[in-house]
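Student: Input upload-v9.cif, format and content: mmCIF, C-alpha atoms and all ligand atoms.
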```cif
data_data
loop_
_atom_site.label_atom_id
_atom_site.label_comp_id
_atom_site.auth_asym_id
_atom_site.auth_seq_id
_atom_site.Cartn_x
_atom_site.Cartn_y
_atom_site.Cartn_z
CA MET J 1 34.75 -25.01 -32.56
CA GLN J 2 35.12 -24.75 -36.30
CA ILE J 3 35.45 -21.16 -37.48
CA LEU J 4 33.49 -20.51 -40.66
CA GLU J 5 34.06 -16.77 -41.08
CA LYS J 6 35.54 -13.91 -39.13
CA TYR J 7 35.18 -10.17 -39.53
CA GLY J 8 36.95 -7.29 -37.86
CA ARG J 9 40.28 -5.94 -36.78
CA ASP J 10 42.48 -6.58 -33.81
CA ASP J 11 42.39 -3.11 -32.25
CA ILE J 12 38.56 -2.98 -32.04
CA ALA J 13 36.56 -6.18 -32.44
CA TRP J 14 36.18 -9.52 -34.13
CA VAL J 15 32.93 -11.30 -34.94
CA PHE J 16 33.32 -15.04 -35.35
CA LEU J 17 30.88 -17.30 -37.12
CA GLY J 18 31.48 -20.82 -35.95
CA LYS J 19 30.09 -24.32 -35.87
CA THR J 20 29.97 -25.92 -32.43
CA SER J 21 30.87 -29.53 -31.69
CA LYS J 22 27.14 -30.30 -31.89
CA GLY J 23 26.85 -28.69 -35.32
CA ASN J 24 25.07 -25.47 -34.35
CA THR J 25 26.06 -22.26 -36.10
CA VAL J 26 26.83 -19.51 -33.58
CA GLU J 27 28.20 -15.98 -33.56
CA PHE J 28 30.47 -14.62 -30.89
CA VAL J 29 32.54 -11.50 -30.44
CA GLU J 30 35.84 -10.42 -28.98
CA SER J 31 36.28 -6.71 -28.41
CA VAL J 32 38.39 -4.09 -26.74
CA GLN J 33 37.33 -0.54 -26.02
CA PRO J 34 40.02 1.82 -27.29
CA PRO J 35 41.83 3.65 -25.84
CA ILE J 36 41.58 1.13 -22.98
CA PRO J 37 44.35 -1.44 -23.61
CA ARG J 38 43.61 -5.16 -23.65
CA GLU J 39 45.66 -5.58 -20.49
CA ASP J 40 43.02 -3.51 -18.76
CA LYS J 41 39.85 -4.80 -20.45
CA GLU J 42 39.02 -7.78 -22.63
CA VAL J 43 35.40 -8.45 -23.65
CA ILE J 44 33.84 -11.63 -25.01
CA ILE J 45 30.19 -11.78 -26.09
CA ILE J 46 28.68 -15.22 -26.63
CA SER J 47 25.50 -16.78 -27.98
CA THR J 48 23.26 -18.76 -25.64
CA LEU J 49 20.51 -19.94 -28.03
CA VAL J 50 20.33 -20.72 -31.73
CA GLY J 51 18.33 -17.69 -32.79
CA CYS J 52 15.94 -16.18 -30.27
CA PRO J 53 12.19 -16.58 -29.82
CA ALA J 54 11.82 -13.07 -28.39
CA GLY J 55 12.11 -11.18 -31.67
CA CYS J 56 12.78 -7.72 -30.22
CA PHE J 57 12.05 -4.89 -32.60
CA MET J 58 15.60 -3.72 -33.22
CA CYS J 59 17.53 -6.98 -32.89
CA ASP J 60 18.77 -8.95 -35.89
CA ALA J 61 19.40 -12.09 -33.81
CA GLY J 62 15.70 -12.70 -33.18
CA GLY J 63 12.92 -13.87 -35.45
CA PHE J 64 14.00 -17.50 -35.72
CA TYR J 65 14.61 -20.07 -33.03
CA GLU J 66 16.18 -23.51 -33.30
CA GLY J 67 16.92 -24.38 -29.68
CA LYS J 68 19.29 -23.98 -26.77
CA LEU J 69 23.05 -24.27 -26.76
CA SER J 70 24.59 -26.62 -24.20
CA ALA J 71 26.99 -25.32 -21.55
CA GLY J 72 29.77 -26.97 -23.53
CA GLU J 73 28.83 -25.09 -26.70
CA MET J 74 28.88 -21.79 -24.81
CA LEU J 75 32.25 -22.59 -23.26
CA GLU J 76 33.61 -23.53 -26.70
CA GLN J 77 33.04 -19.94 -27.81
CA ILE J 78 34.97 -18.55 -24.84
CA ASP J 79 37.71 -21.20 -25.02
CA TYR J 80 38.32 -20.42 -28.68
CA ILE J 81 38.96 -16.73 -28.06
CA VAL J 82 40.88 -17.16 -24.80
CA CYS J 83 43.23 -19.82 -26.18
CA LYS J 84 43.79 -17.93 -29.42
CA ARG J 85 44.44 -14.64 -27.66
CA PHE J 86 46.33 -15.72 -24.55
CA GLY J 87 47.71 -19.15 -25.49
CA ASP J 88 46.12 -21.02 -22.58
CA PHE J 89 43.31 -20.58 -20.03
CA LYS J 90 44.98 -17.67 -18.25
CA VAL J 91 43.50 -14.22 -18.88
CA PRO J 92 45.65 -11.49 -17.34
CA SER J 93 43.36 -8.54 -18.21
CA LYS J 94 42.31 -6.46 -15.22
CA LYS J 95 38.72 -6.73 -16.40
CA PHE J 96 37.64 -9.82 -18.34
CA LYS J 97 34.01 -9.32 -19.19
CA ILE J 98 31.93 -12.18 -20.56
CA GLN J 99 28.57 -11.01 -21.87
CA PHE J 100 25.80 -13.50 -22.61
CA ALA J 101 24.35 -11.20 -25.23
CA ARG J 102 25.05 -12.06 -28.84
CA MET J 103 22.30 -14.43 -29.97
CA GLY J 104 19.60 -15.49 -27.51
CA GLU J 105 17.89 -14.39 -24.32
CA PRO J 106 20.10 -15.98 -21.65
CA ALA J 107 17.33 -16.49 -19.09
CA LEU J 108 15.65 -18.97 -21.45
CA ASN J 109 18.54 -21.40 -21.09
CA ASP J 110 19.33 -23.06 -17.73
CA GLU J 111 22.70 -24.13 -19.11
CA VAL J 112 23.80 -20.49 -18.73
CA LEU J 113 23.78 -21.14 -14.97
CA GLU J 114 26.15 -24.08 -15.43
CA VAL J 115 28.49 -21.89 -17.46
CA LEU J 116 28.47 -19.26 -14.71
CA LYS J 117 29.49 -21.91 -12.17
CA GLU J 118 32.20 -23.28 -14.43
CA LEU J 119 33.92 -20.01 -15.42
CA PRO J 120 35.90 -19.43 -12.19
CA ARG J 121 37.04 -23.08 -12.22
CA ARG J 122 38.05 -23.05 -15.86
CA TYR J 123 40.01 -19.83 -16.29
CA ILE J 124 42.74 -18.24 -14.25
CA ALA J 125 41.29 -14.79 -14.65
CA PRO J 126 41.43 -12.37 -11.74
CA GLY J 127 39.35 -9.83 -13.70
CA LEU J 128 36.49 -12.22 -14.52
CA LEU J 129 33.20 -10.33 -14.75
CA PRO J 130 30.19 -12.14 -16.21
CA SER J 131 27.37 -9.95 -17.47
CA ILE J 132 23.78 -11.06 -17.99
CA SER J 133 21.54 -8.81 -20.02
CA THR J 134 17.91 -9.87 -20.01
CA ILE J 135 14.40 -8.94 -21.04
CA ALA J 136 13.19 -10.89 -17.94
CA PRO J 137 10.82 -13.33 -19.63
CA VAL J 138 7.97 -14.67 -17.46
CA ALA J 139 7.95 -18.20 -16.06
CA ARG J 140 11.72 -18.14 -15.56
CA GLU J 141 11.61 -17.40 -11.84
CA ALA J 142 13.68 -20.48 -10.97
CA PHE J 143 16.46 -19.26 -13.28
CA PHE J 144 16.51 -15.86 -11.63
CA GLU J 145 16.47 -17.33 -8.11
CA SER J 146 19.47 -19.52 -8.99
CA LEU J 147 21.19 -16.46 -10.42
CA ILE J 148 21.08 -14.77 -7.01
CA GLU J 149 22.66 -17.82 -5.37
CA ILE J 150 25.38 -18.13 -8.01
CA LYS J 151 26.19 -14.42 -7.88
CA ASN J 152 26.54 -14.57 -4.10
CA GLU J 153 28.59 -17.76 -4.09
CA TYR J 154 30.93 -17.14 -7.03
CA TYR J 155 30.89 -13.43 -7.82
CA ALA J 156 30.47 -11.51 -4.57
CA SER J 157 31.75 -7.95 -4.05
CA GLY J 158 30.93 -6.45 -7.40
CA ARG J 159 32.16 -9.15 -9.76
CA PHE J 160 28.86 -9.66 -11.56
CA GLN J 161 26.79 -7.45 -13.81
CA LEU J 162 23.04 -7.70 -14.34
CA GLN J 163 21.11 -5.62 -16.85
CA PHE J 164 17.41 -5.40 -17.63
CA SER J 165 16.18 -4.18 -21.01
CA ILE J 166 13.56 -1.50 -20.40
CA HIS J 167 13.56 0.67 -23.57
CA SER J 168 10.27 2.47 -22.86
CA THR J 169 8.20 3.47 -19.83
CA ASP J 170 5.01 3.21 -21.87
CA TYR J 171 3.81 -0.36 -21.36
CA ARG J 172 2.15 -0.60 -24.76
CA GLN J 173 5.26 0.66 -26.54
CA ARG J 174 7.46 -1.60 -24.43
CA ASP J 175 5.32 -4.57 -25.45
CA ALA J 176 5.80 -3.65 -29.10
CA ILE J 177 9.59 -3.38 -28.72
CA ILE J 178 9.89 -6.59 -26.67
CA PRO J 179 6.96 -8.64 -27.98
CA VAL J 180 6.90 -11.42 -25.38
CA LYS J 181 5.49 -11.79 -21.86
CA LYS J 182 7.97 -10.37 -19.42
CA TRP J 183 8.24 -8.97 -15.92
CA ASN J 184 6.73 -5.56 -15.39
CA PHE J 185 8.56 -2.77 -13.56
CA LYS J 186 7.23 -3.86 -10.16
CA ASP J 187 8.51 -7.42 -10.73
CA ILE J 188 11.96 -6.18 -11.80
CA ALA J 189 12.19 -3.72 -8.91
CA GLU J 190 11.24 -6.35 -6.32
CA TYR J 191 13.67 -8.88 -7.75
CA GLY J 192 16.40 -6.22 -7.82
CA LYS J 193 15.93 -5.59 -4.09
CA ARG J 194 16.53 -9.27 -3.37
CA PHE J 195 19.36 -9.61 -5.88
CA TYR J 196 21.40 -6.62 -4.75
CA LYS J 197 23.76 -6.86 -1.78
CA GLU J 198 26.05 -4.18 -0.43
CA GLY J 199 29.28 -4.23 -2.46
CA ASP J 200 27.57 -5.50 -5.62
CA ARG J 201 27.51 -3.54 -8.86
CA LYS J 202 24.29 -1.66 -9.28
CA ILE J 203 21.75 -3.30 -11.58
CA THR J 204 21.50 -1.62 -14.97
CA LEU J 205 18.23 -0.46 -16.52
CA ASN J 206 19.02 -0.22 -20.22
CA PHE J 207 17.28 1.97 -22.77
CA ALA J 208 18.22 1.43 -26.43
CA LEU J 209 16.91 4.79 -27.40
CA GLY J 210 14.93 5.36 -30.59
CA LYS J 211 13.46 8.75 -31.55
CA GLU J 212 9.93 7.62 -30.71
CA ASN J 213 10.73 5.93 -27.40
CA ILE J 214 8.65 7.27 -24.55
CA ILE J 215 10.66 7.62 -21.36
CA GLU J 216 9.34 9.25 -18.21
CA ALA J 217 12.02 9.50 -15.56
CA GLU J 218 9.26 9.90 -12.93
CA LYS J 219 7.86 6.49 -13.77
CA ILE J 220 11.27 4.89 -13.37
CA ARG J 221 11.78 6.62 -10.03
CA GLU J 222 8.35 5.43 -8.87
CA PHE J 223 9.59 1.83 -9.03
CA PHE J 224 13.39 1.75 -8.99
CA ASP J 225 15.65 2.72 -6.09
CA PRO J 226 18.72 4.72 -7.28
CA ASP J 227 20.77 2.99 -4.57
CA ILE J 228 20.19 -0.32 -6.37
CA PHE J 229 19.66 0.56 -10.04
CA LEU J 230 21.52 2.74 -12.53
CA ILE J 231 20.46 4.02 -15.94
CA LYS J 232 22.24 3.20 -19.16
CA ILE J 233 21.24 4.80 -22.46
CA THR J 234 22.55 3.30 -25.69
CA PRO J 235 21.96 4.13 -29.36
CA VAL J 236 19.82 1.89 -31.55
CA ASN J 237 22.53 0.34 -33.70
CA PRO J 238 22.14 -0.05 -37.48
CA THR J 239 20.29 -3.36 -37.82
CA TYR J 240 17.97 -4.75 -40.48
CA ARG J 241 15.15 -5.03 -37.95
CA ALA J 242 15.55 -1.37 -36.96
CA ILE J 243 15.21 -0.38 -40.63
CA GLU J 244 12.21 -2.66 -41.20
CA ASN J 245 10.52 -1.19 -38.13
CA ASN J 246 11.44 2.44 -38.91
CA ILE J 247 13.42 2.88 -35.70
CA GLU J 248 15.88 5.75 -35.80
CA SER J 249 18.44 6.13 -33.06
CA ALA J 250 17.83 9.10 -30.76
CA VAL J 251 21.43 9.34 -29.63
CA ASP J 252 23.64 11.92 -31.31
CA SER J 253 26.86 9.95 -31.02
CA GLY J 254 29.10 12.85 -32.11
CA LYS J 255 27.73 15.35 -29.59
CA LYS J 256 27.01 12.67 -26.99
CA ALA J 257 23.53 14.12 -26.56
CA LEU J 258 19.85 13.15 -26.77
CA PRO J 259 18.29 15.78 -29.07
CA TYR J 260 14.85 14.11 -29.04
CA HIS J 261 14.74 13.65 -25.28
CA PRO J 262 15.96 17.01 -23.93
CA GLY J 263 16.58 17.11 -20.21
CA LEU J 264 16.17 13.35 -19.74
CA LEU J 265 19.71 12.65 -18.54
CA GLU J 266 19.56 15.58 -16.16
CA LYS J 267 16.18 14.45 -14.81
CA PHE J 268 17.53 10.98 -14.03
CA GLU J 269 20.51 12.56 -12.30
CA GLU J 270 18.22 14.83 -10.27
CA PHE J 271 16.49 11.70 -9.04
CA GLY J 272 19.85 10.42 -7.82
CA TYR J 273 20.60 7.84 -10.51
CA GLN J 274 24.04 7.15 -11.87
CA VAL J 275 23.56 7.66 -15.62
CA ILE J 276 25.73 6.16 -18.35
CA LEU J 277 25.45 7.30 -21.95
CA SER J 278 27.15 4.36 -23.60
CA ILE J 279 28.01 5.08 -27.23
CA GLY J 280 30.90 2.74 -27.95
CA GLU J 281 32.97 2.47 -31.09
CA LEU J 282 31.11 3.40 -34.29
CA GLU J 283 33.58 1.23 -36.20
CA GLU J 284 31.90 -1.72 -34.49
CA ASN J 285 28.79 -1.03 -36.57
CA LYS J 286 30.89 -1.54 -39.68
CA ILE J 287 32.32 -4.75 -38.28
CA GLY J 288 28.86 -5.96 -37.21
CA SER J 289 29.92 -6.62 -33.63
CA ASN J 290 27.61 -4.15 -31.89
CA CYS J 291 24.59 -4.96 -29.80
CA GLY J 292 21.63 -6.18 -31.87
CA GLN J 293 23.75 -6.87 -34.93
CA PHE J 294 23.92 -10.31 -36.44
CA VAL J 295 26.17 -11.16 -39.36
CA GLN J 296 24.02 -14.06 -40.59
CA ARG J 297 21.07 -11.70 -41.09
CA HIS J 298 23.33 -9.47 -43.17
CA LEU J 299 24.61 -12.36 -45.27
CA ASN J 300 21.04 -13.50 -46.00
CA SER J 301 19.61 -10.05 -46.71
CA LYS J 302 19.17 -8.61 -50.21
CA LEU J 303 19.01 -5.11 -48.75
CA LYS J 304 22.39 -3.80 -47.53
CA ILE J 305 22.83 -1.22 -44.76
CA SER J 306 25.25 1.48 -45.87
CA GLU J 307 26.84 2.17 -42.48
CA ALA J 308 27.13 -1.41 -41.22
CA TYR J 309 28.74 -4.76 -41.97
CA LYS J 310 31.45 -3.30 -44.21
CA TYR J 311 34.25 -5.75 -43.45
CA GLU J 312 35.14 -8.65 -45.71
CA SER J 313 35.41 -12.09 -44.17
CA ILE J 314 38.90 -13.31 -43.24
CA ARG J 315 39.23 -17.07 -42.99
S1 LIG J 401 17.52 -8.42 -27.95
FE1 LIG J 401 18.03 -10.31 -26.88
S2 LIG J 401 16.03 -11.14 -26.27
FE2 LIG J 401 15.62 -9.62 -27.86
S3 LIG J 401 15.60 -10.80 -29.80
FE3 LIG J 401 17.70 -10.04 -29.51
S4 LIG J 401 18.77 -11.71 -28.50
FE4 LIG J 401 16.56 -12.08 -28.23
#
```
Can I see the file as C-alpha cells?
Tutor:
Amino acid sequence: MQILEKYGRDDIAWVFLGKTSKGNTVEFVESVQPPIPREDKEVIIISTLVGCPAGCFMCDAGGFYEGKLSAGEMLEQIDYIVCKRFGDFKVPSKKFKIQFARMGEPALNDEVLEVLKELPRRYIAPGLLPSISTIAPVAREAFFESLIEIKNEYYASGRFQLQFSIHSTDYRQRDAIIPVKKWNFKDIAEYGKRFYKEGDRKITLNFALGKENIIEAEKIREFFDPDIFLIKITPVNPTYRAIENNIESAVDSGKKALPYHPGLLEKFEEFGYQVILSIGELEENKIGSNCGQFVQRHLNSKLKISEAYKYESIR
C-alpha cells in the first residue's frame, strides 16, 4: 500500500488515501471514539469497491464506479493500519471493529466474503468484530446466504455486526435516497430471521436522518421483530451530495434530539426496540472520516463545505 495523503489526528481519526498493489486509489479510516481509549476500542473502515454504482443521495463515495477490489487489496488497507499502529499483526484492543463501509457497497463484491474468512487467521485479535453495512442490493442472494454461514462458523456469539440502510419508511422516498433495486422490508425481515441466532448481536436498521425523511415507527414494527432488530439513528453528515440534494440533517447533535421527528425515539422504544442515537465526534466531519464523506470528492470539488474537510494533508 502506497500512502498518497493522510488527514486527521491521532486522538480521533485518520483518513488515508492510498494506492493498492494493483494500482487502485482507495480511502480507508482509522478511528477511536473518545473518551474510549484505544485499548478498549480500535476501528478500521475500509473500501470494498473503487467508487460505488449505488449513488445514494447523501454519500460522496458514490456516483462513479471503476470495479471491485480484490481480497488482497482490502487486506492491504487493514494491514497498513494494524502494522503501523501495533507493530505486527497483534491487535490487543478489547474491541477491534472492521467496517466495510468507506467506499463501495460490500454486498456487490464476493471478495468481501474471502476477507471475512481470512481475518481470524491473519490477526491475533481477541476483540475482532467485523461489521457489514448494506443497502441489500437485489440479485445478491448468494452473497447473503454465504454471510450467514461465515458468521456462524467464524463469528458466533455476538462477534459480528450486520446493518441495513433503511433511511425512510416511504418506499418512494427510500427509492430516491437509495436509487437502486434493493430488498424491500419484507425481504430484509425474512432474511434477518434466518440470519439471527441466539447470542448474536441484533441486526441494525439504520436511518441517516434528514429533515424531510418520512419515518413511521408503526411500519417498521409491522415487519421487524424487536427481538432481532434494533434501531440506529444517525445524522446526515456534511457531504457534497447532501448539499447538492438539499438534505439537511434532522439530528440536533448538541441536544441529542430529533426536533423534526418529535416522539419518534419514544415510539420505537414503546414498540420494544433498542434505540441508538449515534452522533459520534463532530471533529470527524472536519477530518472527513465520517460516514458518507469522501476526501477525493472534496479534492475535486470547486465548492467547499465550511464545516467539513478542514485538515491539511500530512505526508
Ligand atoms: S452509501 Fe454505501 S451503497 Fe450508497 S453510494 Fe455510498 S458507498 Fe455506495
Student: Which residues, written as a PDB file with C-alpha atoms, in the coordinates of the input, have at least one atom at most 6 Å from region 226-243 of chain J, with only C-alpha atoms counted and residues fewer than 4 positions away on the same chain left out?
Tutor:
```pdb
ATOM      1  CA  MET J  58      15.600  -3.720 -33.220  1.00  0.00           C
ATOM      2  CA  CYS J  59      17.530  -6.980 -32.890  1.00  0.00           C
ATOM      3  CA  ASP J  60      18.770  -8.950 -35.890  1.00  0.00           C
ATOM      4  CA  LYS J 202      24.290  -1.660  -9.280  1.00  0.00           C
ATOM      5  CA  ILE J 203      21.750  -3.300 -11.580  1.00  0.00           C
ATOM      6  CA  THR J 204      21.500  -1.620 -14.970  1.00  0.00           C
ATOM      7  CA  LEU J 205      18.230  -0.460 -16.520  1.00  0.00           C
ATOM      8  CA  ASN J 206      19.020  -0.220 -20.220  1.00  0.00           C
ATOM      9  CA  PHE J 207      17.280   1.970 -22.770  1.00  0.00           C
ATOM     10  CA  ALA J 208      18.220   1.430 -26.430  1.00  0.00           C
ATOM     11  CA  LEU J 209      16.910   4.790 -27.400  1.00  0.00           C
ATOM     12  CA  ILE J 247      13.420   2.880 -35.700  1.00  0.00           C
ATOM     13  CA  SER J 249      18.440   6.130 -33.060  1.00  0.00           C
ATOM     14  CA  VAL J 251      21.430   9.340 -29.630  1.00  0.00           C
ATOM     15  CA  GLY J 272      19.850  10.420  -7.820  1.00  0.00           C
ATOM     16  CA  TYR J 273      20.600   7.840 -10.510  1.00  0.00           C
ATOM     17  CA  GLN J 274      24.040   7.150 -11.870  1.00  0.00           C
ATOM     18  CA  VAL J 275      23.560   7.660 -15.620  1.00  0.00           C
ATOM     19  CA  ILE J 276      25.730   6.160 -18.350  1.00  0.00           C
ATOM     20  CA  LEU J 277      25.450   7.300 -21.950  1.00  0.00           C
ATOM     21  CA  SER J 278      27.150   4.360 -23.600  1.00  0.00           C
ATOM     22  CA  ILE J 279      28.010   5.080 -27.230  1.00  0.00           C
ATOM     23  CA  GLN J 293      23.750  -6.870 -34.930  1.00  0.00           C
TER      24      GLN J 293
END
```
Student: What residues have any atom no more than 8 Å from ligand LIG 401 (chain J) when counting only C-alpha atoms and all ligand atoms, and can you list them as a PyMOL selection string?
Tutor: chain J and resi 51-63+101-106+133-135+178+292
Student: Which residue, J:Lys97, J:Lys310, J:Lys304, J:Lys211, has the smallest gap to Ile287 (chain J) when you use only C-alpha atoms?
Tutor: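 Result for the nearest residue to Ile287 (chain J): J:Lys310.
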Student: List the spatial neighbours of region 197-199 of chain J as a short mmCIF file (atom, residue, chain, number, x, y, z; two decimals) with C-alpha atoms, keeping the file's coordinate frame - criterion: any atom at most 9 Å away, only C-alpha atoms, same-chain residues fewer than 5 positions off excluded.
Tutor:
```
data_model
loop_
_atom_site.label_atom_id
_atom_site.label_comp_id
_atom_site.auth_asym_id
_atom_site.auth_seq_id
_atom_site.Cartn_x
_atom_site.Cartn_y
_atom_site.Cartn_z
CA ASN J 152 26.54 -14.57 -4.10
CA ALA J 156 30.47 -11.51 -4.57
CA SER J 157 31.75 -7.95 -4.05
CA GLY J 158 30.93 -6.45 -7.40
CA ILE J 228 20.19 -0.32 -6.37
#
```
Student: Do you know which residues are at most 12 Å from Ile46 (chain J) counting only C-alpha atoms, after dropping those on the same chain fewer than 4 positions away, and could you put them as a ChimeraX atom specification?
Tutor: /J:15-18,26-31,50,69,71,73-81,97-106,112,115,130-133,289,291,294
Student: What is the distance, in Å and to one decimal place, between CA of Ala139 (chain J) and CA of Trp183 (chain J)?
Tutor: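 We find that CA of Ala139 (chain J) and CA of Trp183 (chain J) lie 9.2 Å from each other.
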Student: Build an axis-aligned box that encloses every atom of region 35-53 of chain J listed in the file, pad it by 3 Å on each side, and report its centre and edge lengths in Å to one decimal, as lines of an AutoDock Vina configuration file.
Tutor:
```
center_x = 28.9
center_y = -8.5
center_z = -25.8
size_x = 39.5
size_y = 30.4
size_z = 20.0
```
Student: Just checking: using all atoms listed in the file, which residue out of J:Ile305, J:Ile150, J:Ile124, J:Leu4 ends up closest to Lys94 (chain J)?
Tutor: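 Smallest distance to Lys94 (chain J) is found for J:Ile124.
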Student: Could you check how far CA of Leu264 (chain J) sits from CA of Ile188 (chain J), in Å to one decimal?
Tutor: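 One can read the CA of Leu264 (chain J) to CA of Ile188 (chain J) distance as 21.5 Å.
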Student: Interatomic distance between CA of Tyr155 (chain J) and CA of Glu284 (chain J)?
Tutor: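 Here the two named atoms are 29.1 Å from each other.
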